[in-house]
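Participant: The file below is work01.cif, mmCIF, C-alpha atoms and all ligand atoms:
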```cif
data_start
#
loop_
_atom_site.label_atom_id
_atom_site.label_comp_id
_atom_site.auth_asym_id
_atom_site.auth_seq_id
_atom_site.Cartn_x
_atom_site.Cartn_y
_atom_site.Cartn_z
CA MET A 1119 52.17 130.44 -108.50
CA ASN A 1120 54.62 130.98 -111.32
CA GLU A 1121 52.69 128.44 -113.33
CA ALA A 1122 49.34 130.14 -112.70
CA PHE A 1123 50.76 133.51 -113.72
CA SER A 1124 52.47 132.15 -116.82
CA LYS A 1125 49.02 131.84 -118.36
CA VAL A 1126 47.32 135.13 -119.24
CA SER A 1127 43.67 135.12 -118.18
CA GLU A 1128 40.87 137.40 -116.96
CA CYS A 1129 41.78 136.36 -113.41
CA CYS A 1130 44.47 133.79 -112.75
CA LEU A 1131 43.57 133.80 -109.04
CA CYS A 1132 40.12 132.56 -110.07
CA ASP A 1133 41.82 129.64 -111.82
CA LEU A 1134 43.66 128.81 -108.59
CA GLU A 1135 40.57 129.23 -106.44
CA SER A 1136 38.45 127.03 -108.68
CA LYS A 1137 41.05 124.28 -108.41
CA ALA A 1138 41.24 124.67 -104.62
CA GLU A 1139 37.45 124.59 -104.38
CA GLU A 1140 37.23 121.31 -106.28
CA ASP A 1141 39.98 119.81 -104.11
CA TYR A 1142 38.20 120.84 -100.89
CA ILE A 1143 34.88 119.40 -102.00
CA LYS A 1144 36.65 116.10 -102.61
CA TYR A 1145 38.48 116.34 -99.29
CA VAL A 1146 35.38 117.17 -97.24
CA LEU A 1147 33.44 114.28 -98.74
CA GLY A 1148 36.41 111.92 -98.57
CA ALA A 1149 39.47 112.00 -96.32
CA SER A 1150 38.00 114.58 -93.93
CA LEU A 1151 35.12 112.25 -93.00
CA MET A 1152 37.71 109.81 -91.62
CA GLU A 1153 39.41 112.44 -89.44
CA PRO A 1154 37.62 113.43 -86.21
CA ASP A 1155 38.88 117.05 -86.42
CA GLY A 1156 37.89 117.52 -90.04
CA ARG A 1157 34.51 115.91 -89.48
CA GLU A 1158 33.87 118.06 -86.45
CA GLU A 1159 34.65 121.24 -88.41
CA THR A 1160 32.30 120.22 -91.23
CA ASN A 1161 29.54 119.25 -88.80
CA GLU A 1162 29.90 122.55 -86.98
CA LYS A 1163 29.99 124.88 -90.00
CA GLY A 1164 28.04 123.11 -92.72
CA PHE A 1165 28.09 124.56 -96.22
CA CYS A 1166 26.79 127.63 -98.03
CA ARG A 1167 24.26 127.47 -100.86
CA ARG A 1168 26.86 127.11 -103.58
CA HIS A 1169 28.83 124.41 -101.78
CA TYR A 1170 25.80 122.34 -100.77
CA ALA A 1171 24.91 122.29 -104.46
CA MET A 1172 28.45 121.37 -105.51
CA ALA A 1173 28.79 118.67 -102.84
CA TYR A 1174 25.42 117.14 -103.67
CA ASN A 1175 25.73 117.34 -107.44
CA SER A 1176 29.25 115.89 -107.38
CA ARG A 1177 27.76 112.54 -106.26
CA LEU A 1178 31.17 111.83 -104.77
CA ASN A 1179 29.82 110.53 -101.47
CA THR A 1180 26.08 110.89 -101.09
CA GLN A 1181 25.92 108.74 -97.96
CA GLY A 1182 28.75 110.78 -96.42
CA LEU A 1183 26.89 113.99 -97.20
CA GLY A 1184 23.79 112.41 -95.64
CA LEU A 1185 25.75 111.72 -92.45
CA ILE A 1186 27.07 115.28 -92.38
CA MET A 1187 23.51 116.54 -92.82
CA GLU A 1188 22.16 114.27 -90.07
CA THR A 1189 24.64 115.65 -87.54
CA TYR A 1190 24.08 119.19 -88.74
CA LEU A 1191 20.29 118.93 -88.41
CA GLN A 1192 20.73 117.59 -84.87
CA GLY A 1193 22.71 120.73 -84.04
CA VAL A 1194 20.08 123.01 -85.54
CA SER A 1195 17.36 121.17 -83.65
CA VAL A 1196 19.18 121.62 -80.34
CA GLY A 1197 19.80 125.30 -81.17
CA LEU A 1198 16.12 125.91 -81.85
CA SER A 1199 14.89 124.30 -78.66
CA ARG A 1200 17.50 126.12 -76.58
CA ALA A 1201 16.56 129.45 -78.13
CA GLY A 1202 12.90 128.83 -77.31
CA PHE A 1203 13.33 127.52 -73.76
CA ARG A 1204 15.71 130.27 -72.78
CA HIS A 1205 13.30 133.14 -73.25
CA ILE A 1206 9.76 132.02 -73.82
CA LYS A 1207 7.73 130.87 -70.84
CA THR A 1208 5.33 128.36 -72.25
CA LEU A 1209 1.78 127.96 -70.91
CA GLY A 1210 2.70 124.84 -69.02
CA GLY A 1211 5.54 126.66 -67.26
CA GLY A 1212 3.32 128.96 -65.18
CA LYS A 1213 0.99 128.09 -62.31
CA PRO A 1214 -2.16 126.18 -63.29
CA GLY A 1215 -4.79 128.58 -64.61
CA LYS A 1216 -2.36 131.49 -64.34
CA ALA A 1217 -0.21 131.11 -67.43
CA ARG A 1218 2.32 133.91 -67.34
CA ARG A 1219 2.40 136.31 -70.16
CA ASN A 1220 5.83 136.83 -71.68
CA SER A 1221 7.16 140.36 -71.41
CA ASP A 1222 7.88 142.19 -74.65
CA LYS A 1223 11.55 142.10 -73.76
CA ASP A 1224 11.52 138.31 -73.43
CA VAL A 1225 9.72 137.89 -76.74
CA TYR A 1226 12.21 140.20 -78.40
CA LYS A 1227 15.11 138.20 -76.93
CA ALA A 1228 13.56 134.98 -78.18
CA MET A 1229 13.22 136.41 -81.67
CA GLN A 1230 16.87 137.36 -81.61
CA SER A 1231 17.95 133.92 -80.39
CA PHE A 1232 15.94 132.20 -83.13
CA ALA A 1233 17.43 134.53 -85.73
CA GLU A 1234 20.90 133.72 -84.39
CA VAL A 1235 20.31 130.01 -84.95
CA ALA A 1236 19.39 130.81 -88.56
CA ASP A 1237 22.38 133.14 -88.91
CA HIS A 1238 24.70 130.37 -87.82
CA VAL A 1239 23.29 128.11 -90.52
CA LEU A 1240 23.37 130.79 -93.22
CA ARG A 1241 26.81 132.20 -92.43
CA GLY A 1242 28.91 129.13 -91.92
CA CYS A 1243 30.66 127.23 -94.69
CA VAL A 1244 33.64 124.99 -94.15
CA ILE A 1245 34.64 125.24 -97.83
CA CYS A 1246 34.35 129.05 -98.05
CA GLU A 1247 36.46 129.43 -94.90
CA ARG A 1248 39.18 127.16 -96.22
CA ILE A 1249 39.14 128.98 -99.55
CA VAL A 1250 39.56 132.37 -97.89
CA ARG A 1251 42.57 131.04 -95.98
CA VAL A 1252 44.22 129.52 -99.05
CA MET A 1253 43.54 132.61 -101.21
CA GLU A 1254 45.13 134.84 -98.59
CA ARG A 1255 48.21 132.65 -98.83
CA TYR A 1256 48.19 132.91 -102.64
CA VAL A 1257 47.92 136.69 -102.38
CA ASP A 1258 50.79 136.68 -99.90
CA VAL A 1259 52.96 134.68 -102.33
CA THR A 1260 51.91 136.92 -105.25
CA CYS A 1261 53.05 140.04 -103.37
CA HIS A 1262 56.24 138.34 -102.23
CA LEU A 1263 57.17 137.20 -105.75
CA TYR A 1264 56.29 140.60 -107.18
CA VAL A 1265 58.77 142.23 -104.85
CA THR A 1266 61.54 139.65 -105.14
CA GLU A 1267 61.44 138.35 -108.72
CA GLU A 1268 61.77 140.48 -111.83
CA ASP A 1269 60.47 137.62 -114.02
CA PHE A 1270 57.35 137.28 -111.93
CA ARG A 1271 56.78 141.03 -112.01
CA GLU A 1272 56.71 140.84 -115.81
CA ARG A 1273 54.19 137.99 -115.73
CA PHE A 1274 52.08 139.90 -113.21
CA ARG A 1275 52.01 142.97 -115.46
CA ALA A 1276 51.09 140.86 -118.49
CA GLN A 1277 47.82 139.69 -116.87
CA LYS A 1278 44.40 140.92 -118.00
CA GLY A 1279 43.60 142.18 -114.53
CA PHE A 1280 41.65 140.19 -111.94
CA CYS A 1281 38.04 139.65 -110.98
CA MET A 1282 36.84 142.34 -108.55
CA THR A 1283 36.96 139.96 -105.58
CA HIS A 1284 40.60 139.08 -106.14
CA PHE A 1285 41.49 142.63 -107.19
CA ARG A 1286 40.14 143.79 -103.85
CA MET A 1287 42.09 141.11 -102.00
CA LEU A 1288 45.33 142.08 -103.75
CA MET A 1289 44.75 145.78 -102.99
CA MET A 1290 43.75 145.33 -99.39
CA LEU A 1291 46.28 142.70 -98.42
CA ALA A 1292 49.19 144.40 -100.23
CA ALA A 1293 49.82 146.64 -97.23
CA LYS A 1294 50.29 143.54 -95.11
CA TYR A 1295 52.53 141.66 -97.51
CA VAL A 1296 54.47 144.11 -99.67
CA LYS A 1297 57.32 145.28 -97.50
CA GLY A 1298 58.57 148.77 -98.18
CA ASP A 1299 57.31 151.09 -100.88
CA MET A 1300 54.01 149.89 -102.32
CA THR A 1301 53.71 152.54 -105.04
CA ASP A 1302 54.82 150.26 -107.89
CA PHE A 1303 52.56 147.40 -106.87
CA VAL A 1304 49.50 149.57 -106.35
CA SER A 1305 49.94 151.54 -109.58
CA ASP A 1306 50.70 148.40 -111.64
CA LEU A 1307 47.62 146.70 -110.24
CA ALA A 1308 45.35 149.71 -110.65
CA GLU A 1309 46.55 150.39 -114.20
CA MET A 1310 46.10 146.76 -115.22
CA GLN A 1311 42.62 146.61 -113.73
CA THR A 1312 41.48 149.86 -115.34
CA GLU A 1313 42.78 148.73 -118.71
CA SER A 1314 41.02 145.41 -118.30
CA ILE A 1315 37.67 147.00 -117.43
CA ASN A 1316 37.93 149.44 -120.34
CA ARG A 1317 38.72 146.60 -122.75
CA LEU A 1318 35.69 144.63 -121.52
CA LEU A 1319 33.57 147.75 -121.82
CA GLY A 1320 34.51 148.00 -125.50
CA GLU A 1321 33.87 144.31 -126.06
CA VAL A 1322 30.47 144.33 -124.34
CA SER A 1323 29.53 147.47 -126.20
CA TRP A 1324 30.24 145.75 -129.55
CA PHE A 1325 28.43 142.65 -128.24
CA THR A 1326 25.24 144.68 -127.76
CA GLN A 1327 25.63 146.43 -131.11
CA LYS A 1328 25.89 143.07 -132.86
CA TYR A 1329 22.17 142.63 -132.05
CA ASP A 1330 21.46 145.53 -134.37
CA TYR A 1331 20.43 144.07 -137.75
CA ARG A 1332 22.80 146.49 -139.52
CA ASN A 1333 25.75 144.77 -137.80
CA ARG A 1334 24.49 141.26 -138.41
CA ASP A 1335 27.25 140.38 -140.84
CA ALA A 1336 30.04 142.31 -139.13
CA PRO A 1337 32.68 140.15 -137.39
CA TRP A 1338 32.27 139.41 -133.66
CA GLY A 1339 35.92 140.09 -132.94
CA ASP A 1340 36.60 139.28 -129.27
CA SER A 1341 33.05 140.10 -128.28
CA LYS A 1342 31.23 136.79 -128.64
CA ASP A 1343 31.86 135.71 -125.03
CA ALA A 1344 32.36 139.24 -123.66
CA LEU A 1345 29.20 139.09 -121.54
CA PRO A 1346 30.06 135.94 -119.51
CA ARG A 1347 33.66 137.17 -119.17
CA SER A 1348 32.39 140.51 -117.85
CA ILE A 1349 29.98 138.84 -115.44
CA MET A 1350 32.83 136.76 -114.02
CA LYS A 1351 35.10 139.82 -113.88
CA MET A 1352 32.48 141.49 -111.69
CA ALA A 1353 31.24 138.54 -109.67
CA LYS A 1354 34.10 135.95 -109.71
CA TYR A 1355 34.20 132.72 -111.67
CA MET A 1356 31.03 130.68 -111.95
CA GLU A 1357 29.49 128.08 -114.19
CA LEU A 1358 28.16 129.88 -117.26
CA ASP A 1359 27.41 128.52 -120.70
CA MET A 1360 30.11 130.00 -122.90
ZN ZN B 1 39.26 136.08 -109.50
ZN ZN B 2 30.74 128.03 -99.31
#
```
For the structure just supplied, provide its representation as structure tokens.
Facilitator:
Amino acid sequence: MNEAFSKVSECCLCDLESKAEEDYIKYVLGASLMEPDGREETNEKGFCRRHYAMAYNSRLNTQGLGLIMETYLQGVSVGLSRAGFRHIKTLGGGKPGKARRNSDKDVYKAMQSFAEVADHVLRGCVICERIVRVMERYVDVTCHLYVTEEDFRERFRAQKGFCMTHFRMLMMLAAKYVKGDMTDFVSDLAEMQTESINRLLGEVSWFTQKYDYRNRDAPWGDSKDALPRSIMKMAKYMELDM
């Protein structure tokens, strides 16, 4: 933690999260496949869009990812047939020549059950869930060090704010982790974040003005990469051409 905060960046929690994310991808495609508990968790939750892409593109263990996918698809297949059988009476289910019509209520229930199967696929991600847990711990330690260590407090105040995701986490979890008076923490954090957004605003503004032919020869200053830095400040770190 001290190490992460000793570097001044647009969001040092992003730096930590990015490292954790890479580690988890490696773990899920490696050691976790050997452990029944880890494998079961991966099979049950699958990945989100971003983490499927990362796992696949990493080429770390394509066969392993294939095995995870095989089990996952089996689960989805079972879910779909259960959702259908539970509510929809098929033609063959009624008496011969007197196929029962499904009531509107049954059809509606079936639609919901099918949507739930899709929701389960779309919501779950073993990597995202692990990341949330580890980031909550990092936020916990950040608050703890802020309260207990003067040196750390200085390093915290020297940061260029945080991305909005981690800013929100720090704000919302502070009440849980900062014991006693939270005024200093909240005002330090808010001040830092406001300053950071205003600085980016100035940089992006100059970035756009540089496209004016009259400013063609004026120096970029800090504005050359202001747009990707602003995007990541708003939407968390991501792979952008800088
Ligand atoms: Zn961040
Ligand atoms: Zn994910």
Participant: List all protein, DNA and RNA residues that have any atom at most 7 Å from ligand ZN 1 (chain B), counting only C-alpha atoms and all ligand atoms, and write the list as a PyMOL selection string.
Facilitator: chain A and resi 1129-1132+1280-1284+1354-1355
Participant: Show me a table, sorted first by chain and then by increasing residue number, of the residues of chain A having an atom at most 10 Å from ligand ZN 2 (chain B), each with its shortest atom pair and the distance in Å to one decimal, counting only C-alpha atoms and all ligand atoms and written as JSON lines.
Facilitator:
```
{"residue": "A:Glu1139", "atom": "CA", "partner": "B:ZN2", "partner_atom": "ZN", "distance": 9.1}
{"residue": "A:Ile1143", "atom": "CA", "partner": "B:ZN2", "partner_atom": "ZN", "distance": 9.9}
{"residue": "A:Lys1163", "atom": "CA", "partner": "B:ZN2", "partner_atom": "ZN", "distance": 9.9}
{"residue": "A:Gly1164", "atom": "CA", "partner": "B:ZN2", "partner_atom": "ZN", "distance": 8.7}
{"residue": "A:Phe1165", "atom": "CA", "partner": "B:ZN2", "partner_atom": "ZN", "distance": 5.3}
{"residue": "A:Cys1166", "atom": "CA", "partner": "B:ZN2", "partner_atom": "ZN", "distance": 4.2}
{"residue": "A:Arg1167", "atom": "CA", "partner": "B:ZN2", "partner_atom": "ZN", "distance": 6.7}
{"residue": "A:Arg1168", "atom": "CA", "partner": "B:ZN2", "partner_atom": "ZN", "distance": 5.8}
{"residue": "A:His1169", "atom": "CA", "partner": "B:ZN2", "partner_atom": "ZN", "distance": 4.8}
{"residue": "A:Tyr1170", "atom": "CA", "partner": "B:ZN2", "partner_atom": "ZN", "distance": 7.7}
{"residue": "A:Ala1171", "atom": "CA", "partner": "B:ZN2", "partner_atom": "ZN", "distance": 9.7}
{"residue": "A:Met1172", "atom": "CA", "partner": "B:ZN2", "partner_atom": "ZN", "distance": 9.4}
{"residue": "A:Leu1240", "atom": "CA", "partner": "B:ZN2", "partner_atom": "ZN", "distance": 10.0}
{"residue": "A:Arg1241", "atom": "CA", "partner": "B:ZN2", "partner_atom": "ZN", "distance": 9.0}
{"residue": "A:Gly1242", "atom": "CA", "partner": "B:ZN2", "partner_atom": "ZN", "distance": 7.7}
{"residue": "A:Cys1243", "atom": "CA", "partner": "B:ZN2", "partner_atom": "ZN", "distance": 4.7}
{"residue": "A:Val1244", "atom": "CA", "partner": "B:ZN2", "partner_atom": "ZN", "distance": 6.7}
{"residue": "A:Ile1245", "atom": "CA", "partner": "B:ZN2", "partner_atom": "ZN", "distance": 5.0}
{"residue": "A:Cys1246", "atom": "CA", "partner": "B:ZN2", "partner_atom": "ZN", "distance": 4.0}
{"residue": "A:Glu1247", "atom": "CA", "partner": "B:ZN2", "partner_atom": "ZN", "distance": 7.4}
{"residue": "A:Arg1248", "atom": "CA", "partner": "B:ZN2", "partner_atom": "ZN", "distance": 9.0}
{"residue": "A:Ile1249", "atom": "CA", "partner": "B:ZN2", "partner_atom": "ZN", "distance": 8.5}
{"residue": "A:Val1250", "atom": "CA", "partner": "B:ZN2", "partner_atom": "ZN", "distance": 9.9}
```
Participant: Suppose you want the space between atom CA of Leu1319 of chain A and atom CA of Asp1335 of chain A; what is it in Å?
Facilitator: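 Going from atom CA of Leu1319 of chain A over to atom CA of Asp1335 of chain A covers 21.4 Å.
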Participant: So, with all atoms listed in the file as the atoms that count, which of A:Arg1271, A:Thr1189, A:Glu1135, A:Thr1180 lies closest to Glu1159 of chain A?
Facilitator: A:Thr1189
Participant: Enter the distance from atom CA of Asn1333 of chain A to atom CA of Glu1357 of chain A, in Å, rounded to one decimal.
Facilitator: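 Answer for the atom CA of Asn1333 of chain A to atom CA of Glu1357 of chain A separation: 29.2 Å.
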Participant: Can you tell me, as a list in words, what residues are no more than 12 Å from Ala1228 of chain A when counting only C-alpha atoms, ignoring any on the same chain fewer than 4 positions away?
Facilitator: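 The contact residues come out as Gly1197, Leu1198, Ser1199, Arg1200, Ala1201, Gly1202, Phe1203, Arg1204, His1205, Ile1206, Lys1207, Asn1220, Ser1221, Asp1222, Lys1223, Asp1224, Phe1232, Ala1233, Glu1234 and Val1235 of chain A.
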Participant: When you look at Lys1297 of chain A with a cut-off of 9 Å (counting all atoms listed in the file), what residues show up, excluding the ones that are within fewer than 5 positions of it in the same chain? I need them as a VMD selection string.
Facilitator: chain A and resid 1261 to 1262 1265 1292
Participant: Calculated over all atoms listed in the file, which of the candidates A:Lys1125, A:Lys1137, A:His1238, A:Arg1347 has the smallest distance to Glu1162 of chain A?
Facilitator: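 When distances to Glu1162 of chain A are compared using all atoms listed in the file, the smallest one comes from A:His1238.
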Participant: With a distance cut-off of 12 Å and all atoms listed in the file, select the neighbouring residues of Leu1151 of chain A, excluding the residue or stretch itself and same-chain residues fewer than 3 positions from it, and output the selection as a ChimeraX atom specification.
Facilitator: /A:1143-1148,1154-1161,1179,1181-1186
Participant: Within 9 Å of Ala1276 of chain A, counting only C-alpha atoms, which residues show up once you throw out same-chain ones fewer than 6 positions away? Write them as an MDAnalysis selection string, please.
Facilitator: chainID A and resid 1123:1124 1126 1310
Participant: Which distance in Å separates atom CA of Lys1278 of chain A and atom CA of Gln1311 of chain A, to one decimal?
Facilitator: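 Atom-to-atom, atom CA of Lys1278 of chain A to atom CA of Gln1311 of chain A, that is 7.3 Å.
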Participant: Kindly indicate which residue among A:Met1253, A:Met1229, A:Ala1308, A:Met1187 lies nearest to Leu1134 of chain A, using all atoms listed in the file for the distances.
Facilitator: A:Met1253
Participant: Using all atoms listed in the file, which residues sit within 12 Å of Leu1358 of chain A once same-chain residues fewer than 3 positions away are excluded, as a list in words?
Facilitator: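 My reading of the contact set: Asp1343, Leu1345, Pro1346, Arg1347, Ser1348, Ile1349, Met1350, Ala1353, Lys1354 and Tyr1355 of chain A.
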Participant: Identify which of the residues A:Glu1121, A:Glu1128, A:Asp1340, A:Asp1141 lies closest to Val1252 of chain A, counting only C-alpha atoms when measuring atom-to-atom distances.
Facilitator: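 Going through A:Glu1121, A:Glu1128, A:Asp1340, A:Asp1141 one by one, the smallest distance to Val1252 of chain A is for A:Asp1141.
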Participant: I'd like to know which of A:Ala1138, A:Glu1268, A:Val1322, A:Tyr1295 is closest to Arg1251 of chain A, using all atoms listed in the file.
Facilitator: A:Ala1138
